[in-house]
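K.L.:
One file: model_9.json (JSON, C-alpha atoms (C1' of nucleotides) and all ligand atoms).
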```json
[["chain", "number", "residue", "atom", "x", "y", "z"],
["L", 1, "MET", "CA", -90.93, -30.83, 206.25],
["L", 2, "LYS", "CA", -90.33, -29.41, 202.76],
["L", 3, "TYR", "CA", -93.08, -26.87, 203.35],
["L", 4, "ILE", "CA", -91.25, -25.44, 206.35],
["L", 5, "GLU", "CA", -88.49, -24.22, 204.06],
["L", 6, "LYS", "CA", -90.90, -23.07, 201.39],
["L", 7, "LEU", "CA", -92.81, -20.97, 203.88],
["L", 8, "ARG", "CA", -89.69, -19.55, 205.53],
["L", 9, "ASN", "CA", -88.25, -18.61, 202.18],
["L", 10, "SER", "CA", -91.47, -16.72, 201.46],
["L", 11, "GLY", "CA", -91.28, -14.78, 204.71],
["L", 12, "LEU", "CA", -94.17, -16.74, 206.19],
["L", 13, "ARG", "CA", -93.74, -18.47, 209.54],
["L", 14, "PRO", "CA", -94.34, -22.20, 209.24],
["L", 15, "THR", "CA", -97.19, -22.52, 211.68],
["L", 16, "LYS", "CA", -99.03, -25.75, 212.33],
["L", 17, "GLN", "CA", -102.11, -24.37, 210.53],
["L", 18, "ARG", "CA", -100.21, -23.28, 207.44],
["L", 19, "LEU", "CA", -98.40, -26.60, 207.21],
["L", 20, "GLN", "CA", -101.66, -28.50, 207.40],
["L", 21, "ILE", "CA", -103.14, -26.37, 204.66],
["L", 22, "CYS", "CA", -100.02, -26.90, 202.55],
["L", 23, "GLU", "CA", -100.48, -30.65, 202.86],
["L", 24, "ILE", "CA", -104.03, -30.43, 201.61],
["L", 25, "LEU", "CA", -103.31, -27.99, 198.80],
["L", 26, "PHE", "CA", -99.95, -29.11, 197.49],
["L", 27, "GLU", "CA", -99.34, -32.71, 198.60],
["L", 28, "THR", "CA", -101.05, -34.11, 195.56],
["L", 29, "LYS", "CA", -100.09, -35.05, 192.03],
["L", 30, "LYS", "CA", -103.06, -33.35, 190.45],
["L", 31, "THR", "CA", -103.80, -29.66, 190.84],
["L", 32, "PHE", "CA", -107.37, -28.66, 191.61],
["L", 33, "HIS", "CA", -109.88, -25.86, 191.94],
["L", 34, "PHE", "CA", -111.57, -24.95, 195.20],
["L", 35, "THR", "CA", -113.56, -22.39, 197.13],
["L", 36, "ILE", "CA", -112.84, -21.39, 200.71],
["L", 37, "ASN", "CA", -115.83, -23.47, 201.71],
["L", 38, "ASP", "CA", -114.51, -26.54, 199.87],
["L", 39, "LEU", "CA", -111.21, -26.12, 201.62],
["L", 40, "ALA", "CA", -112.80, -25.68, 205.05],
["L", 41, "ILE", "CA", -114.66, -28.97, 204.60],
["L", 42, "LYS", "CA", -111.49, -30.78, 203.52],
["L", 43, "ILE", "CA", -109.67, -29.44, 206.54],
["L", 44, "LYS", "CA", -112.40, -30.57, 208.87],
["L", 45, "ASP", "CA", -112.37, -34.05, 207.33],
["L", 46, "GLN", "CA", -108.64, -34.59, 207.03],
["L", 47, "THR", "CA", -107.42, -32.89, 210.18],
["L", 48, "LYS", "CA", -107.75, -33.57, 213.88],
["L", 49, "ASN", "CA", -107.36, -30.01, 215.12],
["L", 50, "LYS", "CA", -109.74, -27.32, 214.02],
["L", 51, "ILE", "CA", -108.54, -24.35, 211.97],
["L", 52, "SER", "CA", -110.65, -21.24, 212.28],
["L", 53, "LEU", "CA", -112.34, -19.87, 209.17],
["L", 54, "ALA", "CA", -110.47, -16.58, 209.55],
["L", 55, "THR", "CA", -107.18, -18.46, 209.38],
["L", 56, "ILE", "CA", -108.27, -20.29, 206.26],
["L", 57, "TYR", "CA", -109.05, -16.98, 204.58],
["L", 58, "ASN", "CA", -105.79, -15.45, 205.83],
["L", 59, "THR", "CA", -103.74, -18.38, 204.64],
["L", 60, "VAL", "CA", -105.30, -18.64, 201.22],
["L", 61, "HIS", "CA", -104.80, -14.93, 200.66],
["L", 62, "ALA", "CA", -101.21, -15.11, 201.89],
["L", 63, "PHE", "CA", -100.49, -18.01, 199.54],
["L", 64, "GLU", "CA", -102.18, -16.19, 196.68],
["L", 65, "LYS", "CA", -100.06, -13.08, 197.30],
["L", 66, "LYS", "CA", -96.93, -15.23, 197.23],
["L", 67, "GLY", "CA", -98.02, -16.79, 193.96],
["L", 68, "TYR", "CA", -98.73, -20.29, 195.26],
["L", 69, "LEU", "CA", -102.42, -19.99, 194.39],
["L", 70, "LYS", "CA", -104.35, -18.23, 191.67],
["L", 71, "GLN", "CA", -107.80, -16.72, 191.74],
["L", 72, "ILE", "CA", -110.01, -17.59, 188.79],
["L", 73, "PRO", "CA", -112.20, -14.81, 187.39],
["L", 74, "ILE", "CA", -115.71, -16.17, 187.28],
["L", 75, "ASN", "CA", -119.19, -15.02, 188.20],
["L", 76, "SER", "CA", -120.01, -17.04, 191.23],
["L", 77, "SER", "CA", -121.12, -16.19, 194.75],
["L", 78, "GLN", "CA", -117.88, -17.73, 196.02],
["L", 79, "THR", "CA", -114.31, -17.05, 194.93],
["L", 80, "TYR", "CA", -112.57, -19.92, 193.15],
["L", 81, "PHE", "CA", -108.89, -20.65, 193.62],
["L", 82, "ASP", "CA", -106.55, -22.85, 191.62],
["L", 83, "THR", "CA", -103.50, -24.76, 192.86],
["L", 84, "ASN", "CA", -102.28, -24.76, 189.25],
["L", 85, "THR", "CA", -100.50, -21.42, 188.99],
["L", 86, "THR", "CA", -99.19, -21.87, 185.46],
["L", 87, "GLU", "CA", -100.89, -19.84, 182.75],
["L", 88, "HIS", "CA", -103.79, -21.95, 181.57],
["L", 89, "HIS", "CA", -107.46, -21.64, 180.76],
["L", 90, "HIS", "CA", -110.79, -23.05, 181.89],
["L", 91, "PHE", "CA", -114.05, -24.56, 180.92],
["L", 92, "TYR", "CA", -116.84, -23.64, 183.27],
["L", 93, "ASP", "CA", -119.72, -26.08, 183.39],
["L", 94, "LEU", "CA", -122.71, -23.85, 184.07],
["L", 95, "LYS", "CA", -124.95, -26.66, 185.29],
["L", 96, "GLU", "CA", -122.46, -28.42, 187.57],
["L", 97, "GLU", "CA", -120.70, -25.18, 188.55],
["L", 98, "LYS", "CA", -117.41, -26.98, 188.04],
["L", 99, "LEU", "CA", -114.18, -25.78, 186.50],
["L", 100, "ILE", "CA", -112.17, -27.95, 184.11],
["L", 101, "ASP", "CA", -108.62, -27.16, 183.07],
["L", 102, "LEU", "CA", -107.76, -26.38, 179.49],
["L", 103, "GLU", "CA", -104.11, -26.83, 178.72],
["L", 104, "ASN", "CA", -102.49, -24.01, 176.85],
["L", 105, "CYS", "CA", -102.17, -26.28, 173.84],
["L", 106, "ASP", "CA", -105.95, -26.87, 173.91],
["L", 107, "VAL", "CA", -106.54, -23.22, 173.13],
["L", 108, "GLY", "CA", -103.59, -22.22, 170.98],
["L", 109, "PRO", "CA", -101.63, -19.00, 171.29],
["L", 110, "ILE", "CA", -103.56, -15.85, 172.03],
["L", 111, "ASN", "CA", -102.24, -12.74, 170.43],
["L", 112, "ILE", "CA", -103.44, -9.49, 171.98],
["L", 113, "LYS", "CA", -102.92, -6.87, 169.29],
["L", 114, "LYS", "CA", -104.22, -3.83, 171.15],
["L", 115, "LYS", "CA", -101.96, -1.97, 173.57],
["L", 116, "ILE", "CA", -102.74, 0.49, 176.37],
["L", 117, "ASP", "CA", -100.14, 3.20, 177.03],
["L", 118, "GLY", "CA", -98.23, 2.76, 180.25],
["L", 119, "LYS", "CA", -99.88, -0.57, 181.06],
["L", 120, "LYS", "CA", -98.38, -4.04, 180.98],
["L", 121, "ILE", "CA", -100.25, -7.26, 180.43],
["L", 122, "LYS", "CA", -100.23, -9.21, 183.69],
["L", 123, "SER", "CA", -102.26, -12.19, 182.57],
["L", 124, "VAL", "CA", -104.46, -13.51, 179.79],
["L", 125, "GLU", "CA", -107.26, -15.80, 180.85],
["L", 126, "VAL", "CA", -109.85, -17.55, 178.75],
["L", 127, "LEU", "CA", -113.11, -18.78, 180.22],
["L", 128, "VAL", "CA", -115.22, -21.11, 178.08],
["L", 129, "LYS", "CA", -118.75, -21.53, 179.40],
["L", 130, "LEU", "CA", -120.41, -24.89, 178.79],
["L", 131, "GLY", "CA", -124.10, -25.71, 178.60],
["L", 132, "ASP", "CA", -125.82, -28.76, 177.21],
["A", 1, "MET", "CA", -141.32, 4.93, 172.44],
["A", 2, "LYS", "CA", -139.23, 2.35, 170.63],
["A", 3, "TYR", "CA", -138.50, 0.65, 173.96],
["A", 4, "ILE", "CA", -142.20, 0.06, 174.57],
["A", 5, "GLU", "CA", -142.29, -2.31, 171.62],
["A", 6, "LYS", "CA", -138.97, -3.89, 172.48],
["A", 7, "LEU", "CA", -140.15, -4.67, 175.99],
["A", 8, "ARG", "CA", -143.57, -5.92, 174.91],
["A", 9, "ASN", "CA", -142.00, -8.19, 172.33],
["A", 10, "SER", "CA", -139.84, -9.64, 175.09],
["A", 11, "GLY", "CA", -142.82, -10.33, 177.30],
["A", 12, "LEU", "CA", -141.89, -7.55, 179.71],
["A", 13, "ARG", "CA", -144.42, -4.87, 180.56],
["A", 14, "PRO", "CA", -143.14, -1.45, 179.61],
["A", 15, "THR", "CA", -143.29, 0.17, 183.00],
["A", 16, "LYS", "CA", -142.09, 3.69, 183.71],
["A", 17, "GLN", "CA", -139.10, 2.31, 185.61],
["A", 18, "ARG", "CA", -138.04, -0.08, 182.87],
["A", 19, "LEU", "CA", -138.36, 2.60, 180.22],
["A", 20, "GLN", "CA", -136.19, 4.98, 182.21],
["A", 21, "ILE", "CA", -133.55, 2.31, 182.67],
["A", 22, "CYS", "CA", -133.69, 1.54, 178.94],
["A", 23, "GLU", "CA", -132.99, 5.20, 178.19],
["A", 24, "ILE", "CA", -129.93, 5.18, 180.39],
["A", 25, "LEU", "CA", -128.60, 1.85, 179.18],
["A", 26, "PHE", "CA", -129.40, 1.87, 175.47],
["A", 27, "GLU", "CA", -129.99, 5.47, 174.36],
["A", 28, "THR", "CA", -126.32, 6.01, 173.64],
["A", 29, "LYS", "CA", -124.00, 5.49, 170.71],
["A", 30, "LYS", "CA", -121.28, 3.89, 172.79],
["A", 31, "THR", "CA", -121.81, 0.75, 174.80],
["A", 32, "PHE", "CA", -120.45, 0.70, 178.35],
["A", 33, "HIS", "CA", -119.72, -1.36, 181.45],
["A", 34, "PHE", "CA", -121.40, -0.81, 184.78],
["A", 35, "THR", "CA", -122.19, -2.19, 188.20],
["A", 36, "ILE", "CA", -125.60, -1.99, 189.86],
["A", 37, "ASN", "CA", -124.20, 0.78, 192.02],
["A", 38, "ASP", "CA", -123.00, 2.76, 188.99],
["A", 39, "LEU", "CA", -126.43, 2.42, 187.46],
["A", 40, "ALA", "CA", -128.22, 3.45, 190.66],
["A", 41, "ILE", "CA", -126.16, 6.64, 190.76],
["A", 42, "LYS", "CA", -126.89, 7.41, 187.11],
["A", 43, "ILE", "CA", -130.59, 6.90, 187.71],
["A", 44, "LYS", "CA", -130.56, 9.21, 190.70],
["A", 45, "ASP", "CA", -128.75, 11.89, 188.69],
["A", 46, "GLN", "CA", -130.67, 11.65, 185.43],
["A", 47, "THR", "CA", -134.15, 10.95, 186.70],
["A", 48, "LYS", "CA", -136.70, 12.91, 188.69],
["A", 49, "ASN", "CA", -138.52, 9.99, 190.24],
["A", 50, "LYS", "CA", -136.74, 7.50, 192.39],
["A", 51, "ILE", "CA", -136.41, 3.87, 191.40],
["A", 52, "SER", "CA", -135.93, 1.43, 194.25],
["A", 53, "LEU", "CA", -132.76, -0.61, 194.40],
["A", 54, "ALA", "CA", -134.76, -3.84, 194.25],
["A", 55, "THR", "CA", -136.27, -2.70, 190.95],
["A", 56, "ILE", "CA", -132.85, -1.89, 189.55],
["A", 57, "TYR", "CA", -131.68, -5.40, 190.41],
["A", 58, "ASN", "CA", -134.87, -6.93, 189.03],
["A", 59, "THR", "CA", -134.65, -4.98, 185.81],
["A", 60, "VAL", "CA", -130.99, -5.66, 185.16],
["A", 61, "HIS", "CA", -131.52, -9.36, 185.72],
["A", 62, "ALA", "CA", -134.60, -9.36, 183.50],
["A", 63, "PHE", "CA", -132.68, -7.61, 180.72],
["A", 64, "GLU", "CA", -129.77, -10.00, 181.16],
["A", 65, "LYS", "CA", -132.07, -13.00, 180.87],
["A", 66, "LYS", "CA", -133.52, -11.56, 177.65],
["A", 67, "GLY", "CA", -130.02, -11.07, 176.27],
["A", 68, "TYR", "CA", -129.97, -7.27, 176.34],
["A", 69, "LEU", "CA", -127.14, -7.22, 178.87],
["A", 70, "LYS", "CA", -124.18, -9.45, 179.54],
["A", 71, "GLN", "CA", -122.44, -10.24, 182.79],
["A", 72, "ILE", "CA", -118.65, -10.05, 182.68],
["A", 73, "PRO", "CA", -116.75, -12.72, 184.62],
["A", 74, "ILE", "CA", -114.31, -10.89, 186.83],
["A", 75, "ASN", "CA", -113.14, -11.03, 190.44],
["A", 76, "SER", "CA", -114.67, -7.99, 192.00],
["A", 77, "SER", "CA", -116.94, -7.42, 194.96],
["A", 78, "GLN", "CA", -119.59, -6.11, 192.58],
["A", 79, "THR", "CA", -120.97, -7.72, 189.44],
["A", 80, "TYR", "CA", -120.11, -5.98, 186.18],
["A", 81, "PHE", "CA", -122.55, -5.78, 183.30],
["A", 82, "ASP", "CA", -122.01, -4.82, 179.68],
["A", 83, "THR", "CA", -124.44, -3.17, 177.28],
["A", 84, "ASN", "CA", -122.36, -4.61, 174.46],
["A", 85, "THR", "CA", -123.83, -8.07, 174.06],
["A", 86, "THR", "CA", -121.78, -9.08, 171.02],
["A", 87, "GLU", "CA", -119.02, -11.61, 171.63],
["A", 88, "HIS", "CA", -115.97, -9.57, 172.56],
["A", 89, "HIS", "CA", -113.19, -9.50, 175.12],
["A", 90, "HIS", "CA", -111.84, -7.23, 177.84],
["A", 91, "PHE", "CA", -108.86, -5.59, 179.36],
["A", 92, "TYR", "CA", -109.20, -5.16, 183.11],
["A", 93, "ASP", "CA", -107.13, -2.36, 184.58],
["A", 94, "LEU", "CA", -106.29, -3.69, 188.04],
["A", 95, "LYS", "CA", -105.43, -0.27, 189.48],
["A", 96, "GLU", "CA", -108.39, 1.69, 188.14],
["A", 97, "GLU", "CA", -110.75, -1.28, 188.37],
["A", 98, "LYS", "CA", -112.02, -0.37, 184.90],
["A", 99, "LEU", "CA", -112.95, -2.55, 181.98],
["A", 100, "ILE", "CA", -111.88, -1.71, 178.42],
["A", 101, "ASP", "CA", -113.32, -3.41, 175.36],
["A", 102, "LEU", "CA", -111.18, -5.50, 173.10],
["A", 103, "GLU", "CA", -112.69, -5.98, 169.68],
["A", 104, "ASN", "CA", -112.68, -9.51, 168.39],
["A", 105, "CYS", "CA", -110.12, -8.47, 165.78],
["A", 106, "ASP", "CA", -107.82, -7.24, 168.59],
["A", 107, "VAL", "CA", -107.51, -10.79, 169.88],
["A", 108, "GLY", "CA", -107.78, -12.95, 166.80],
["A", 109, "PRO", "CA", -109.75, -16.15, 166.52],
["A", 110, "ILE", "CA", -109.69, -18.49, 169.49],
["A", 111, "ASN", "CA", -109.77, -22.14, 168.66],
["A", 112, "ILE", "CA", -110.83, -24.40, 171.50],
["A", 113, "LYS", "CA", -109.50, -27.82, 170.56],
["A", 114, "LYS", "CA", -110.70, -29.78, 173.59],
["A", 115, "LYS", "CA", -114.26, -31.08, 173.75],
["A", 116, "ILE", "CA", -116.40, -32.29, 176.63],
["A", 117, "ASP", "CA", -118.94, -35.01, 175.85],
["A", 118, "GLY", "CA", -122.53, -33.84, 175.86],
["A", 119, "LYS", "CA", -121.62, -30.21, 176.45],
["A", 120, "LYS", "CA", -121.85, -27.28, 174.08],
["A", 121, "ILE", "CA", -119.75, -24.15, 174.16],
["A", 122, "LYS", "CA", -121.97, -21.26, 175.19],
["A", 123, "SER", "CA", -119.35, -18.52, 175.19],
["A", 124, "VAL", "CA", -115.64, -17.86, 175.00],
["A", 125, "GLU", "CA", -114.40, -14.89, 176.99],
["A", 126, "VAL", "CA", -110.89, -13.54, 177.31],
["A", 127, "LEU", "CA", -109.88, -11.33, 180.22],
["A", 128, "VAL", "CA", -106.54, -9.54, 179.97],
["A", 129, "LYS", "CA", -105.40, -8.09, 183.28],
["A", 130, "LEU", "CA", -103.35, -4.91, 183.13],
["A", 131, "GLY", "CA", -100.83, -3.58, 185.64],
["A", 132, "ASP", "CA", -98.23, -0.89, 185.23],
["M", 1, "DG", "C1'", -83.80, -21.35, 228.91],
["M", 2, "DT", "C1'", -85.69, -16.82, 229.45],
["M", 3, "DT", "C1'", -87.32, -12.78, 227.45],
["M", 4, "DG", "C1'", -88.94, -9.65, 224.00],
["M", 5, "DT", "C1'", -91.15, -8.72, 219.79],
["M", 6, "DA", "C1'", -93.42, -9.21, 215.67],
["M", 7, "DG", "C1'", -96.27, -12.32, 213.37],
["M", 8, "DT", "C1'", -100.28, -15.41, 213.70],
["M", 9, "DT", "C1'", -104.55, -17.43, 215.20],
["M", 10, "DT", "C1'", -109.03, -17.09, 216.85],
["M", 11, "DA", "C1'", -113.88, -16.03, 218.14],
["M", 12, "DT", "C1'", -116.74, -12.78, 217.12],
["M", 13, "DA", "C1'", -118.61, -8.67, 215.10],
["M", 14, "DA", "C1'", -119.13, -5.84, 211.12],
["M", 15, "DT", "C1'", -119.66, -5.08, 206.24],
["M", 16, "DG", "C1'", -121.86, -4.94, 202.02],
["M", 17, "DA", "C1'", -123.60, -6.86, 197.73],
["M", 18, "DT", "C1'", -127.37, -9.37, 196.64],
["M", 19, "DT", "C1'", -131.76, -11.75, 197.32],
["M", 20, "DC", "C1'", -136.15, -12.41, 199.60],
["M", 21, "DT", "C1'", -140.78, -11.04, 201.31],
["M", 22, "DA", "C1'", -145.18, -9.62, 201.12],
["M", 23, "DA", "C1'", -148.05, -5.75, 200.54],
["M", 24, "DA", "C1'", -149.24, -1.89, 197.47],
["M", 25, "DA", "C1'", -149.32, -0.15, 192.77],
["M", 26, "DA", "C1'", -149.70, -0.45, 187.90],
["M", 27, "DG", "C1'", -150.36, -2.73, 183.31],
["M", 28, "DG", "C1'", -153.43, -5.00, 180.23],
["M", 29, "DT", "C1'", -157.72, -7.20, 178.69],
["M", 30, "DG", "C1'", -162.52, -7.49, 178.04],
["H", 1, "DC", "C1'", -164.81, -0.08, 185.18],
["H", 2, "DA", "C1'", -163.55, -4.93, 186.98],
["H", 3, "DC", "C1'", -160.42, -8.41, 187.14],
["H", 4, "DC", "C1'", -156.14, -10.67, 187.12],
["H", 5, "DT", "C1'", -151.33, -10.71, 186.55],
["H", 6, "DT", "C1'", -147.04, -8.53, 186.71],
["H", 7, "DT", "C1'", -144.21, -5.22, 188.82],
["H", 8, "DT", "C1'", -142.54, -2.11, 192.28],
["H", 9, "DT", "C1'", -141.17, -1.18, 196.74],
["H", 10, "DA", "C1'", -139.32, -0.77, 201.61],
["H", 11, "DG", "C1'", -137.41, -3.30, 204.50],
["H", 12, "DA", "C1'", -135.57, -7.65, 206.27],
["H", 13, "DA", "C1'", -132.66, -11.58, 205.50],
["H", 14, "DT", "C1'", -128.70, -13.92, 203.61],
["H", 15, "DC", "C1'", -124.09, -15.01, 203.33],
["H", 16, "DA", "C1'", -119.33, -14.55, 201.61],
["H", 17, "DT", "C1'", -115.85, -11.93, 203.11],
["H", 18, "DT", "C1'", -113.22, -8.67, 206.00],
["H", 19, "DA", "C1'", -112.19, -6.28, 210.36],
["H", 20, "DT", "C1'", -111.20, -6.32, 215.35],
["H", 21, "DA", "C1'", -108.67, -7.07, 219.18],
["H", 22, "DA", "C1'", -107.19, -10.29, 222.54],
["H", 23, "DA", "C1'", -104.61, -14.60, 223.22],
["H", 24, "DC", "C1'", -101.04, -17.32, 221.42],
["H", 25, "DT", "C1'", -96.65, -18.62, 219.02],
["H", 26, "DA", "C1'", -92.31, -18.55, 216.31],
["H", 27, "DC", "C1'", -87.95, -17.27, 216.78],
["H", 28, "DA", "C1'", -84.00, -14.37, 217.51],
["H", 29, "DA", "C1'", -81.19, -12.15, 221.08],
["H", 30, "DC", "C1'", -79.39, -12.48, 225.29],
["O", 1, "MN", "MN", -110.08, -12.51, 198.06],
["O", 2, "MN", "MN", -126.86, -11.66, 189.36],
["O", 3, "ZN", "ZN", -107.12, -24.51, 186.56],
["O", 4, "ZN", "ZN", -117.41, -4.92, 176.92]]
```
Take the structure in the file and give it back as structure tokens.
P.N.:
Amino acid sequence: MKYIEKLRNSGLRPTKQRLQICEILFETKKTFHFTINDLAIKIKDQTKNKISLATIYNTVHAFEKKGYLKQIPINSSQTYFDTNTTEHHHFYDLKEEKLIDLENCDVGPINIKKKIDGKKIKSVEVLVKLGD
Amino acid sequence: MKYIEKLRNSGLRPTKQRLQICEILFETKKTFHFTINDLAIKIKDQTKNKISLATIYNTVHAFEKKGYLKQIPINSSQTYFDTNTTEHHHFYDLKEEKLIDLENCDVGPINIKKKIDGKKIKSVEVLVKLGD
DNA sequence: GTTGTAGTTTATAATGATTCTAAAAAGGTG
DNA sequence: CACCTTTTTAGAATCATTATAAACTACAAC
């Protein structure tokens, strides 16, 4: 019910599909990282009615544009998204291909001293690759 | 000539194709960022004989594995590589889709306080996204 | 409630970067 | 040269993602 308002306030119609995806993405204490494929599997498991793959892509991109999801820059064949949209950083376990959150306090403040004329800093993201 | 030794010492046969790609990638004062497509265009422009796309992919991956190139984690449809293999960071201009080097001194030391059992830090990379 | 309209979903096709295949060519060693 | 291994190559295959366009739906106006 709360998602109906959230979606309306964002200019997105609260469709059955979007509400179901909201439940899966945001109805949880812990935030998490996922690919479109991960999400499609979750939807199939946790939902009676099928949602087409195109709709999953559409919805994730709509939510990302509204700022409810973040894309994580990483070299992988699939795009990773994060339900934690606060500024924070990541470990990337190269063997497991898993992301792990780093709180901002785990990294300390990052001070970018260089400036580019006419450009503003939109985000600062740290990726720490892990091997064994 | 110097690349013949470099390749042999790496266990790679110094073929005509690899030597030509070495010239384009490493025979320059400044390091630079490129995609496979960028490189293919450069090869076509600066070289008489054609090199097949498969060979360009093979060669770039071989050089990356040997540590002569680095992949830059970024969300783009194409993979970006860097001829600067020292640890350094990047601005990413979202509009121009261009990478700009940040020297280590432009960012300051990054202190990762969190540890994961049995895992070693392989790299620490900062990506600063720029808008206007 | 009916109607009209823009927004949304969907199956399916298209795209495009990357990887695979397997046959031909080239490097290197004796 | 003869032999064996590595490399190159054209073309096919893969697969995540995006585009298409027709059917469906939310919802506001009447
Ligand atoms: Mn995307
Ligand atoms: Mn690659
Ligand atoms: Zn995260
Ligand atoms: Zn660089």
K.L.:
Around stretch 11-29 of chain H, with edges along x, y and z and 8 Å added on all six sides, what centre and edge lengths do you get, in Å to one decimal, as JSON?
P.N.:
```
{"center_x": -109.3, "center_y": -11.0, "center_z": 212.4, "size_x": 72.2, "size_y": 31.3, "size_z": 37.6}
```
K.L.:
Could you list the residues in chain A lying within 8 Å of chain M, using only C-alpha atoms (C1' of nucleotides), and format the result as a list of chain:residue names?
P.N.:
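Taken together, these residues fit the definition: A:Arg13, A:Thr15, A:Ser77, A:Gln78.
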K.L.:
Between H:DC1, H:DC30, H:DA22, H:DA10, which is the closest to chain A once you count all atoms listed in the file?
P.N.:
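Using all atoms listed in the file, chain A sits closest to H:DA10.
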K.L.:
Can you work out the spacing between atom CA of A:Asp106 and atom CA of L:Lys113 in Å, to one decimal?
P.N.:
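Result for atom CA of A:Asp106 versus atom CA of L:Lys113: 5.0 Å, one decimal.
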K.L.:
Counting only C-alpha atoms, collect the residues of chain L whose closest atom lies at most 10 Å from chain A, and write them out as a PyMOL selection string.
P.N.:
chain L and resi 71-80+89-94+100+102-132
K.L.:
Is it possible to add all heavy atoms to stretch 96-101 of chain L and hand it back as a CSV table (one decimal), in the frame of the given file?
P.N.:
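Result file follows (result-v9.csv):
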```csv
chain,number,residue,atom,x,y,z
L,96,GLU,N,-123.1,-27.8,186.4
L,96,GLU,CA,-122.5,-28.4,187.6
L,96,GLU,C,-121.7,-27.4,188.4
L,96,GLU,O,-121.3,-27.7,189.5
L,96,GLU,CB,-121.4,-29.5,187.1
L,96,GLU,CG,-122.0,-30.5,186.1
L,96,GLU,CD,-122.5,-31.7,186.8
L,96,GLU,OE1,-122.4,-31.8,188.1
L,96,GLU,OE2,-123.1,-32.6,186.2
L,97,GLU,N,-121.5,-26.2,187.9
L,97,GLU,CA,-120.7,-25.2,188.6
L,97,GLU,C,-119.3,-25.7,188.9
L,97,GLU,O,-118.8,-25.5,189.9
L,97,GLU,CB,-121.4,-24.7,189.8
L,97,GLU,CG,-122.7,-24.0,189.6
L,97,GLU,CD,-123.2,-23.2,190.7
L,97,GLU,OE1,-123.0,-23.6,191.9
L,97,GLU,OE2,-123.7,-22.1,190.5
L,98,LYS,N,-118.7,-26.4,187.9
L,98,LYS,CA,-117.4,-27.0,188.0
L,98,LYS,C,-116.5,-26.4,187.0
L,98,LYS,O,-116.8,-26.2,185.9
L,98,LYS,CB,-117.5,-28.5,187.8
L,98,LYS,CG,-118.0,-29.3,189.0
L,98,LYS,CD,-116.9,-29.7,189.9
L,98,LYS,CE,-117.4,-30.0,191.4
L,98,LYS,NZ,-118.5,-30.8,191.4
L,99,LEU,N,-115.2,-26.2,187.4
L,99,LEU,CA,-114.2,-25.8,186.5
L,99,LEU,C,-113.4,-27.0,186.0
L,99,LEU,O,-113.2,-27.9,186.7
L,99,LEU,CB,-113.2,-24.8,187.2
L,99,LEU,CG,-113.7,-23.4,187.5
L,99,LEU,CD1,-113.0,-22.8,188.6
L,99,LEU,CD2,-113.7,-22.6,186.2
L,100,ILE,N,-113.0,-26.9,184.7
L,100,ILE,CA,-112.2,-28.0,184.1
L,100,ILE,C,-111.0,-27.3,183.4
L,100,ILE,O,-111.2,-26.3,182.7
L,100,ILE,CB,-113.0,-28.7,183.0
L,100,ILE,CG1,-114.3,-29.3,183.7
L,100,ILE,CG2,-112.1,-29.8,182.4
L,100,ILE,CD1,-115.3,-29.8,182.6
L,101,ASP,N,-109.8,-27.8,183.7
L,101,ASP,CA,-108.6,-27.2,183.1
L,101,ASP,C,-108.6,-27.4,181.6
L,101,ASP,O,-108.9,-28.4,181.1
L,101,ASP,CB,-107.3,-27.8,183.7
L,101,ASP,CG,-106.9,-27.0,184.9
L,101,ASP,OD1,-107.4,-25.9,185.2
L,101,ASP,OD2,-106.1,-27.6,185.7
```
